[in-house]
file start_18.txt (compact mmCIF, C-alpha atoms)
# COMPACT_ATOMS: atom_id res chain seq x y z
CA MET A 1 -34.61 -3.61 -1.52
CA ILE A 2 -32.90 -5.96 0.89
CA ARG A 3 -32.33 -8.35 -1.97
CA LYS A 4 -30.66 -5.56 -3.93
CA PHE A 5 -28.49 -4.74 -0.95
CA ALA A 6 -27.47 -8.40 -0.58
CA LEU A 7 -26.73 -8.58 -4.28
CA ALA A 8 -24.53 -5.48 -4.09
CA ALA A 9 -22.71 -6.86 -1.04
CA ALA A 10 -22.09 -10.20 -2.74
CA PHE A 11 -20.76 -8.48 -5.82
CA VAL A 12 -18.36 -6.38 -3.80
CA ALA A 13 -17.13 -9.36 -1.79
CA GLY A 14 -16.49 -11.27 -5.00
CA ALA A 15 -14.59 -8.41 -6.57
CA SER A 16 -12.33 -7.92 -3.58
CA VAL A 17 -11.00 -11.48 -3.44
CA PRO A 18 -7.23 -11.05 -3.81
CA LEU A 19 -5.67 -11.84 -7.15
CA ALA A 20 -2.98 -14.52 -7.20
CA ALA A 21 -0.63 -13.03 -4.63
CA HIS A 22 2.71 -14.16 -3.40
CA HIS A 23 3.11 -13.24 0.22
CA GLY A 24 6.18 -11.30 1.30
CA TRP A 25 7.02 -13.93 3.88
CA SER A 26 6.42 -16.92 1.66
CA SER A 27 9.08 -15.89 -0.82
CA TYR A 28 11.66 -16.76 1.87
CA ASP A 29 12.39 -20.35 2.84
CA ALA A 30 11.78 -20.70 6.59
CA SER A 31 12.88 -24.34 6.49
CA LYS A 32 16.47 -23.31 5.63
CA PRO A 33 17.56 -20.81 8.25
CA GLN A 34 21.19 -19.78 7.97
CA THR A 35 23.72 -17.42 9.48
CA LEU A 36 25.77 -15.01 7.38
CA GLU A 37 28.88 -13.37 8.75
CA GLY A 38 30.87 -10.63 7.14
CA LYS A 39 31.64 -6.99 6.68
CA ILE A 40 28.87 -4.60 5.73
CA ALA A 41 29.47 -3.28 2.19
CA THR A 42 26.50 -0.92 1.85
CA SER A 43 23.92 0.20 4.37
CA ASN A 44 20.49 1.70 3.77
CA TYR A 45 19.05 2.81 7.10
CA GLY A 46 15.69 3.85 5.73
CA ASN A 47 11.97 3.17 5.36
CA PRO A 48 10.00 1.10 4.50
CA HIS A 49 12.73 -1.16 5.95
CA ALA A 50 16.46 -0.93 6.43
CA SER A 51 18.76 -3.20 4.43
CA ILE A 52 22.47 -3.94 4.14
CA THR A 53 24.64 -5.77 1.66
CA MET A 54 27.51 -7.96 2.82
CA GLU A 55 29.88 -10.48 1.36
CA ALA A 56 29.44 -13.93 2.88
CA SER A 57 30.12 -17.46 1.61
CA GLY A 58 31.40 -16.12 -1.70
CA LYS A 59 28.31 -14.08 -2.60
CA VAL A 60 27.14 -10.53 -2.11
CA TRP A 61 24.03 -10.85 0.04
CA THR A 62 21.26 -8.35 0.52
CA VAL A 63 19.97 -8.60 4.07
CA ILE A 64 16.51 -7.18 4.75
CA LEU A 65 16.21 -5.71 8.23
CA ALA A 66 13.26 -3.89 9.87
CA PRO A 67 11.51 -0.48 9.58
CA VAL A 68 13.51 2.41 11.06
CA SER A 69 11.14 2.89 14.03
CA ARG A 70 11.53 -0.77 15.08
CA MET A 71 15.30 -0.76 14.49
CA GLU A 72 15.59 2.25 16.79
CA SER A 73 13.27 0.95 19.50
CA ARG A 74 15.09 -2.41 19.62
CA GLY A 75 18.49 -0.74 19.80
CA ALA A 76 19.75 -1.41 16.28
CA SER A 77 21.12 2.06 15.54
CA ALA A 78 22.46 3.28 12.19
CA GLU A 79 25.87 2.97 13.82
CA MET A 80 25.35 -0.76 14.49
CA VAL A 81 24.77 -1.47 10.78
CA ALA A 82 27.24 1.08 9.38
CA VAL A 83 29.46 0.28 6.38
CA GLY A 84 32.61 -1.59 7.40
CA LYS A 85 31.15 -3.13 10.57
CA THR A 86 31.38 -6.89 11.01
CA ILE A 87 27.96 -8.38 11.49
CA SER A 88 26.26 -11.72 11.87
CA ALA A 89 22.75 -12.12 10.47
CA TYR A 90 20.46 -15.07 11.14
CA GLY A 91 17.49 -15.48 8.84
CA TYR A 92 15.87 -17.10 5.83
CA PRO A 93 17.14 -17.05 2.26
CA LYS A 94 14.94 -16.41 -0.76
CA LYS A 95 13.33 -19.49 -2.27
CA ASP A 96 14.32 -18.51 -5.81
CA GLY A 97 18.03 -18.74 -4.98
CA GLU A 98 18.68 -15.01 -5.09
CA ALA A 99 21.30 -13.95 -2.50
CA GLU A 100 18.77 -12.17 -0.29
CA MET A 101 17.96 -12.87 3.34
CA ARG A 102 15.12 -11.78 5.57
CA ALA A 103 16.91 -11.43 8.89
CA GLU A 104 15.30 -12.65 12.11
CA ARG A 105 18.09 -11.21 14.23
CA ILE A 106 21.46 -9.57 13.87
CA THR A 107 24.52 -9.62 16.12
CA ALA A 108 27.35 -7.07 16.13
CA GLU A 109 30.03 -6.48 18.73
CA GLY A 110 28.44 -8.96 21.12
CA LYS A 111 24.99 -7.35 20.91
CA THR A 112 22.03 -9.26 19.45
CA VAL A 113 18.88 -7.53 18.24
CA GLU A 114 15.65 -9.37 17.40
CA LEU A 115 14.03 -7.85 14.31
CA ARG A 116 10.63 -9.62 14.16
CA MET B 1 15.29 13.94 -18.75
CA THR B 2 13.27 10.72 -19.07
CA PRO B 3 10.31 9.95 -16.77
CA PHE B 4 12.53 7.37 -15.05
CA ASP B 5 15.13 10.09 -14.31
CA LEU B 6 12.34 12.09 -12.67
CA LEU B 7 11.50 9.13 -10.43
CA THR B 8 15.17 8.70 -9.54
CA ALA B 9 15.35 12.40 -8.70
CA LEU B 10 12.29 12.05 -6.48
CA GLU B 11 13.71 8.98 -4.76
CA THR B 12 17.02 10.70 -4.00
CA SER B 13 15.57 14.11 -3.06
CA ALA B 14 15.94 15.73 0.37
CA PHE B 15 12.17 15.37 0.84
CA THR B 16 12.40 11.60 0.35
CA ALA B 17 15.53 11.30 2.51
CA GLU B 18 13.56 12.81 5.37
CA ILE B 19 10.75 10.24 4.92
CA LYS B 20 13.24 7.37 4.76
CA GLN B 21 15.28 8.37 7.78
CA SER B 22 12.53 9.52 10.12
CA ALA B 23 11.29 6.95 12.63
CA TRP B 24 7.74 8.34 12.53
CA ILE B 25 6.94 9.99 9.15
CA TYR B 26 6.64 6.78 7.13
CA PRO B 27 4.59 4.87 9.75
CA ALA B 28 2.40 7.97 10.23
CA ALA B 29 1.81 8.27 6.46
CA ASN B 30 1.06 4.55 6.29
CA THR B 31 -1.48 4.74 9.14
CA GLY B 32 -3.01 7.94 7.75
CA HIS B 33 -3.40 6.26 4.35
CA VAL B 34 -5.41 3.42 5.91
CA LEU B 35 -7.55 5.70 8.11
CA ALA B 36 -8.36 7.92 5.12
CA LEU B 37 -9.24 4.77 3.15
CA MET B 38 -11.80 3.85 5.84
CA VAL B 39 -13.46 7.27 5.57
CA PHE B 40 -13.29 7.14 1.76
CA ILE B 41 -14.85 3.67 1.51
CA ALA B 42 -17.51 4.46 4.12
CA ALA B 43 -18.61 7.56 2.19
CA VAL B 44 -18.45 5.78 -1.17
CA VAL B 45 -20.62 2.94 0.18
CA ILE B 46 -23.18 5.40 1.60
CA MET B 47 -23.32 7.23 -1.73
CA ASP B 48 -23.48 4.16 -3.93
CA LEU B 49 -26.00 2.29 -1.80
CA ARG B 50 -28.29 5.32 -1.90
CA LEU B 51 -28.11 5.32 -5.69
CA LEU B 52 -28.91 1.61 -5.61
CA GLY B 53 -32.05 2.52 -3.61
CA PHE B 54 -31.05 1.97 0.01
CA PRO B 55 -32.39 3.27 2.36
CA ALA B 56 -35.51 3.99 0.33
CA GLY B 57 -36.98 6.81 2.46
CA SER B 58 -33.98 9.15 2.29
CA ASP B 59 -33.50 11.99 -0.16
CA PRO B 60 -30.92 10.84 -2.71
CA ALA B 61 -29.62 14.35 -3.48
CA SER B 62 -28.84 15.24 0.13
CA VAL B 63 -27.26 11.83 0.91
CA VAL B 64 -25.06 11.96 -2.18
CA HIS B 65 -24.00 15.59 -1.71
CA GLY B 66 -23.14 15.03 1.95
CA ALA B 67 -21.12 11.89 1.29
CA ARG B 68 -19.32 13.53 -1.62
CA ARG B 69 -17.62 16.02 0.72
CA ALA B 70 -16.22 13.23 2.87
CA VAL B 71 -15.05 11.40 -0.27
CA ILE B 72 -13.15 14.45 -1.51
CA ALA B 73 -11.58 15.21 1.89
CA ALA B 74 -10.47 11.59 2.32
CA LEU B 75 -9.14 11.51 -1.23
CA ILE B 76 -6.91 14.53 -0.56
CA VAL B 77 -5.41 12.80 2.49
CA GLN B 78 -4.96 9.59 0.49
CA VAL B 79 -3.15 11.29 -2.37
CA ALA B 80 -0.84 13.17 0.03
CA THR B 81 0.01 10.14 2.20
CA GLY B 82 0.16 7.88 -0.86
CA PHE B 83 2.76 10.14 -2.43
CA MET B 84 4.86 9.92 0.75
CA LEU B 85 4.69 6.12 0.65
CA PHE B 86 5.52 6.12 -3.06
CA ALA B 87 8.55 8.43 -2.97
CA PRO B 88 11.09 6.17 -1.16
CA GLU B 89 10.45 3.30 -3.62
CA ALA B 90 9.41 5.22 -6.72
CA THR B 91 11.68 3.42 -9.20
CA LYS B 92 10.71 -0.02 -7.86
CA LEU B 93 6.99 0.68 -7.66
CA VAL B 94 6.63 1.62 -11.32
CA GLY B 95 7.54 -2.00 -12.09
CA ASN B 96 5.11 -3.44 -9.52
CA PRO B 97 2.04 -4.98 -11.25
CA ALA B 98 -0.26 -4.43 -8.26
CA PHE B 99 0.72 -0.76 -8.08
CA LEU B 100 0.17 -0.23 -11.81
CA ALA B 101 -3.18 -2.03 -11.65
CA LYS B 102 -4.16 0.14 -8.67
CA LEU B 103 -3.36 3.32 -10.61
CA ALA B 104 -5.44 2.08 -13.53
CA PHE B 105 -8.39 1.30 -11.23
CA ILE B 106 -8.13 4.78 -9.65
CA GLY B 107 -8.30 6.27 -13.15
CA VAL B 108 -11.36 4.19 -14.09
CA GLY B 109 -12.98 4.90 -10.70
CA ALA B 110 -12.44 8.64 -11.08
CA ALA B 111 -13.86 8.64 -14.62
CA ASN B 112 -16.87 6.66 -13.39
CA ALA B 113 -17.36 9.07 -10.46
CA LEU B 114 -17.38 12.07 -12.83
CA THR B 115 -19.95 10.37 -15.09
CA LEU B 116 -21.97 9.39 -12.04
CA GLY B 117 -21.90 12.96 -10.76
CA ARG B 118 -23.22 14.30 -14.07
CA LEU B 119 -25.91 11.60 -14.40
CA SER B 120 -27.07 11.98 -10.80
CA THR B 121 -27.48 15.75 -11.14
CA GLU B 122 -29.72 15.13 -14.18
CA SER B 123 -31.56 12.37 -12.39
CA PHE B 124 -32.25 14.32 -9.19
CA THR B 125 -33.65 17.26 -11.12
CA GLN B 126 -36.16 14.85 -12.67
CA GLY B 127 -37.84 14.14 -9.34
CA GLY B 128 -35.40 11.80 -7.65
CA TRP B 129 -36.08 8.73 -9.79
CA ILE B 130 -32.78 6.90 -10.15
CA ALA B 131 -32.19 5.70 -13.69
CA PRO B 132 -30.92 2.13 -14.31
CA ARG B 133 -27.79 3.64 -15.89
CA LEU B 134 -27.07 5.45 -12.65
CA ARG B 135 -27.64 2.32 -10.57
CA ALA B 136 -25.25 0.42 -12.80
CA ALA B 137 -22.60 3.13 -12.35
CA ALA B 138 -23.07 2.98 -8.56
CA LEU B 139 -22.60 -0.79 -8.51
CA PHE B 140 -19.55 -0.43 -10.78
CA SER B 141 -18.16 2.19 -8.38
CA LEU B 142 -18.36 -0.22 -5.43
CA VAL B 143 -16.56 -2.93 -7.38
CA ILE B 144 -13.86 -0.51 -8.58
CA TRP B 145 -13.07 1.01 -5.18
CA PHE B 146 -12.99 -2.24 -3.21
CA THR B 147 -10.71 -3.72 -5.86
CA THR B 148 -8.50 -0.62 -5.70
CA ALA B 149 -8.17 -1.02 -1.92
CA ALA B 150 -7.31 -4.73 -2.28
CA LEU B 151 -4.68 -3.93 -4.94
CA GLY B 152 -3.14 -1.35 -2.62
CA ARG B 153 -2.59 -3.97 0.06
CA LEU B 154 -1.19 -6.38 -2.52
CA ILE B 155 1.59 -4.00 -3.60
CA ALA B 156 3.70 -5.37 -0.74
CA TYR B 157 3.33 -8.92 -2.07
CA ALA B 158 3.60 -8.44 -5.83
call {"tool": "encode", "arguments": {"input": "start_18.txt", "output": "structure tokens"}}
result
Amino acid sequence: MIRKFALAAAFVAGASVPLAAHHGWSSYDASKPQTLEGKIATSNYGNPHASITMEASGKVWTVILAPVSRMESRGASAEMVAVGKTISAYGYPKKDGEAEMRAERITAEGKTVELR
Amino acid sequence: MTPFDLLTALETSAFTAEIKQSAWIYPAANTGHVLALMVFIAAVVIMDLRLLGFPAGSDPASVVHGARRAVIAALIVQVATGFMLFAPEATKLVGNPAFLAKLAFIGVGAANALTLGRLSTESFTQGGWIAPRLRAAALFSLVIWFTTAALGRLIAYA
């Protein structure tokens, strides 16, 4: 009976080993941090995480921010990332070259908010 | 209206806007989804291990019927919270391989559970002896549901 139980447990453990996954973090290149500065073109202040698009260094970047609850508790209001605002975002670009950044922190009107 | 239009309509609905903008609804749904998963898996493991013969002294019918209630209650919470997590990203998620695989596993798991339910009713009425077929279905159920849970976590990374 115990042997059966062990067998069942082993089977389950084997089946739940993750399939080839690419981690959300690892798709960004932490060795190449950069700062983008520009005007916010679109703003999505929503879950699962807020995001903005902005034109910087000749490209339209998508900047991934944080979940709404964290944005609010750290003082990054919807107003701070509203369309038309000038913002500076420090973070990591995507490894595949896509113009997308995972922002570590953002600065607007002299105020810096840590997002991680 | 194509199915994709329906997803777009869901994603841009007032219901979804509320989930996206609220500071607490999405995190609450996310936490509720995980807590319901714990109850679901616990009850599934109790049920399936009993069908596999553990613990030997207990009455299979009463263990299985008791656990089944918890499974159904947890499943209702999971479907409701899962839908709330799905709505804000509906159009993206239908192209996510981990999400699609998870749906497929839920379908297979549900079909297996229905078969298992029918077989176990037959089996219990024949004096509690658990047929090899039933044991195989119980083992399959464990594999299916643990894989489903793993796939759910992997949606964020696929």
call {"tool": "residues_near_point", "arguments": {"input": "start_18.txt", "point": "(-27.9, 11.6, -14.1)", "cutoff": "12 Å", "atoms": "only C-alpha atoms", "output": "PyMOL selection string"}}
result
chain B and resi 51+60-61+113-138
call {"tool": "write_last_selection", "arguments": {"input": "start_18.txt", "atoms": "C-alpha atoms", "output": "PDB file, in the frame of the given file"}}
result
ATOM      1  CA  LEU B  51     -28.110   5.320  -5.690  1.00  0.00           C
ATOM      2  CA  PRO B  60     -30.920  10.840  -2.710  1.00  0.00           C
ATOM      3  CA  ALA B  61     -29.620  14.350  -3.480  1.00  0.00           C
ATOM      4  CA  ALA B 113     -17.360   9.070 -10.460  1.00  0.00           C
ATOM      5  CA  LEU B 114     -17.380  12.070 -12.830  1.00  0.00           C
ATOM      6  CA  THR B 115     -19.950  10.370 -15.090  1.00  0.00           C
ATOM      7  CA  LEU B 116     -21.970   9.390 -12.040  1.00  0.00           C
ATOM      8  CA  GLY B 117     -21.900  12.960 -10.760  1.00  0.00           C
ATOM      9  CA  ARG B 118     -23.220  14.300 -14.070  1.00  0.00           C
ATOM     10  CA  LEU B 119     -25.910  11.600 -14.400  1.00  0.00           C
ATOM     11  CA  SER B 120     -27.070  11.980 -10.800  1.00  0.00           C
ATOM     12  CA  THR B 121     -27.480  15.750 -11.140  1.00  0.00           C
ATOM     13  CA  GLU B 122     -29.720  15.130 -14.180  1.00  0.00           C
ATOM     14  CA  SER B 123     -31.560  12.370 -12.390  1.00  0.00           C
ATOM     15  CA  PHE B 124     -32.250  14.320  -9.190  1.00  0.00           C
ATOM     16  CA  THR B 125     -33.650  17.260 -11.120  1.00  0.00           C
ATOM     17  CA  GLN B 126     -36.160  14.850 -12.670  1.00  0.00           C
ATOM     18  CA  GLY B 127     -37.840  14.140  -9.340  1.00  0.00           C
ATOM     19  CA  GLY B 128     -35.400  11.800  -7.650  1.00  0.00           C
ATOM     20  CA  TRP B 129     -36.080   8.730  -9.790  1.00  0.00           C
ATOM     21  CA  ILE B 130     -32.780   6.900 -10.150  1.00  0.00           C
ATOM     22  CA  ALA B 131     -32.190   5.700 -13.690  1.00  0.00           C
ATOM     23  CA  PRO B 132     -30.920   2.130 -14.310  1.00  0.00           C
ATOM     24  CA  ARG B 133     -27.790   3.640 -15.890  1.00  0.00           C
ATOM     25  CA  LEU B 134     -27.070   5.450 -12.650  1.00  0.00           C
ATOM     26  CA  ARG B 135     -27.640   2.320 -10.570  1.00  0.00           C
ATOM     27  CA  ALA B 136     -25.250   0.420 -12.800  1.00  0.00           C
ATOM     28  CA  ALA B 137     -22.600   3.130 -12.350  1.00  0.00           C
ATOM     29  CA  ALA B 138     -23.070   2.980  -8.560  1.00  0.00           C
TER      30      ALA B 138
END
call {"tool": "atom_distance", "arguments": {"input": "start_18.txt", "atom1": "CA of Leu49 (chain B)", "atom2": "CA of Gln78 (chain B)"}}
result
22.4 Å
call {"tool": "closest_atom_pairs", "arguments": {"input": "start_18.txt", "of": "chain B", "to": "chain A", "cutoff": "9 Å", "atoms": "all atoms listed in the file", "output": "JSON lines"}}
result
{"residue": "B:Ala17", "atom": "CA", "partner": "A:Gly46", "partner_atom": "CA", "distance": 8.1}
{"residue": "B:Ile19", "atom": "CA", "partner": "A:Asn47", "partner_atom": "CA", "distance": 7.2}
{"residue": "B:Lys20", "atom": "CA", "partner": "A:Gly46", "partner_atom": "CA", "distance": 4.4}
{"residue": "B:Gln21", "atom": "CA", "partner": "A:Gly46", "partner_atom": "CA", "distance": 5.0}
{"residue": "B:Ser22", "atom": "CA", "partner": "A:Val68", "partner_atom": "CA", "distance": 7.2}
{"residue": "B:Ala23", "atom": "CA", "partner": "A:Ser69", "partner_atom": "CA", "distance": 4.3}
{"residue": "B:Trp24", "atom": "CA", "partner": "A:Ser69", "partner_atom": "CA", "distance": 6.6}
{"residue": "B:Tyr26", "atom": "CA", "partner": "A:Asn47", "partner_atom": "CA", "distance": 6.7}
{"residue": "B:Pro27", "atom": "CA", "partner": "A:Ser69", "partner_atom": "CA", "distance": 8.1}
{"residue": "B:Leu49", "atom": "CA", "partner": "A:Phe5", "partner_atom": "CA", "distance": 7.5}
{"residue": "B:Leu52", "atom": "CA", "partner": "A:Lys4", "partner_atom": "CA", "distance": 7.6}
{"residue": "B:Gly53", "atom": "CA", "partner": "A:Met1", "partner_atom": "CA", "distance": 7.0}
{"residue": "B:Phe54", "atom": "CA", "partner": "A:Met1", "partner_atom": "CA", "distance": 6.8}
{"residue": "B:Pro55", "atom": "CA", "partner": "A:Met1", "partner_atom": "CA", "distance": 8.2}
{"residue": "B:Ala56", "atom": "CA", "partner": "A:Met1", "partner_atom": "CA", "distance": 7.9}
{"residue": "B:Leu85", "atom": "CA", "partner": "A:Pro48", "partner_atom": "CA", "distance": 8.3}
{"residue": "B:Pro88", "atom": "CA", "partner": "A:Asn47", "partner_atom": "CA", "distance": 7.2}
{"residue": "B:Glu89", "atom": "CA", "partner": "A:Pro48", "partner_atom": "CA", "distance": 8.4}
{"residue": "B:Leu139", "atom": "CA", "partner": "A:Ala8", "partner_atom": "CA", "distance": 6.7}
{"residue": "B:Leu142", "atom": "CA", "partner": "A:Val12", "partner_atom": "CA", "distance": 6.4}
{"residue": "B:Val143", "atom": "CA", "partner": "A:Val12", "partner_atom": "CA", "distance": 5.3}
{"residue": "B:Ile144", "atom": "CA", "partner": "A:Ala15", "partner_atom": "CA", "distance": 8.2}
{"residue": "B:Phe146", "atom": "CA", "partner": "A:Ser16", "partner_atom": "CA", "distance": 5.7}
{"residue": "B:Thr147", "atom": "CA", "partner": "A:Ser16", "partner_atom": "CA", "distance": 5.0}
{"residue": "B:Thr148", "atom": "CA", "partner": "A:Ser16", "partner_atom": "CA", "distance": 8.5}
{"residue": "B:Ala149", "atom": "CA", "partner": "A:Ser16", "partner_atom": "CA", "distance": 8.2}
{"residue": "B:Ala150", "atom": "CA", "partner": "A:Ser16", "partner_atom": "CA", "distance": 6.1}
{"residue": "B:Leu151", "atom": "CA", "partner": "A:Pro18", "partner_atom": "CA", "distance": 7.6}
{"residue": "B:Leu154", "atom": "CA", "partner": "A:Ala21", "partner_atom": "CA", "distance": 7.0}
{"residue": "B:Ala156", "atom": "CA", "partner": "A:Gly24", "partner_atom": "CA", "distance": 6.7}
{"residue": "B:Tyr157", "atom": "CA", "partner": "A:His23", "partner_atom": "CA", "distance": 4.9}
{"residue": "B:Ala158", "atom": "CA", "partner": "A:His22", "partner_atom": "CA", "distance": 6.3}
call {"tool": "atom_distance", "arguments": {"input": "start_18.txt", "atom1": "CA of Ile106 (chain A)", "atom2": "CA of Thr91 (chain B)"}}
result
28.2 Å
call {"tool": "closest_residue", "arguments": {"input": "start_18.txt", "among": "B:Val64, B:Ile25, B:Val44, B:Leu37", "to": "Val77 (chain B)", "atoms": "only C-alpha atoms"}}
result
B:Leu37
call {"tool": "atom_distance", "arguments": {"input": "start_18.txt", "atom1": "CA of Ala89 (chain A)", "atom2": "CA of Asn30 (chain B)"}}
result
27.7 Å
call {"tool": "closest_residue", "arguments": {"input": "start_18.txt", "among": "A:Val60, A:Ala99, A:Val83, A:Ala76", "to": "Lys111 (chain A)", "atoms": "all atoms listed in the file"}}
result
A:Ala76
call {"tool": "residues_around", "arguments": {"input": "start_18.txt", "residues": "Leu65 (chain A)", "least_positions_apart": "2", "cutoff": "7 Å", "atoms": "only C-alpha atoms", "output": "PDB file with C-alpha atoms, in the frame of the given file"}}
result
ATOM      1  CA  HIS A  49      12.730  -1.160   5.950  1.00  0.00           C
ATOM      2  CA  ALA A  50      16.460  -0.930   6.430  1.00  0.00           C
ATOM      3  CA  SER A  51      18.760  -3.200   4.430  1.00  0.00           C
ATOM      4  CA  VAL A  63      19.970  -8.600   4.070  1.00  0.00           C
ATOM      5  CA  ARG A 102      15.120 -11.780   5.570  1.00  0.00           C
ATOM      6  CA  ALA A 103      16.910 -11.430   8.890  1.00  0.00           C
ATOM      7  CA  LEU A 115      14.030  -7.850  14.310  1.00  0.00           C
TER       8      LEU A 115
END
call {"tool": "closest_residue", "arguments": {"input": "start_18.txt", "among": "B:Ala80, B:Met38, B:Ala87, B:Ala43", "to": "Ala9 (chain B)", "atoms": "all atoms listed in the file"}}
result
B:Ala87
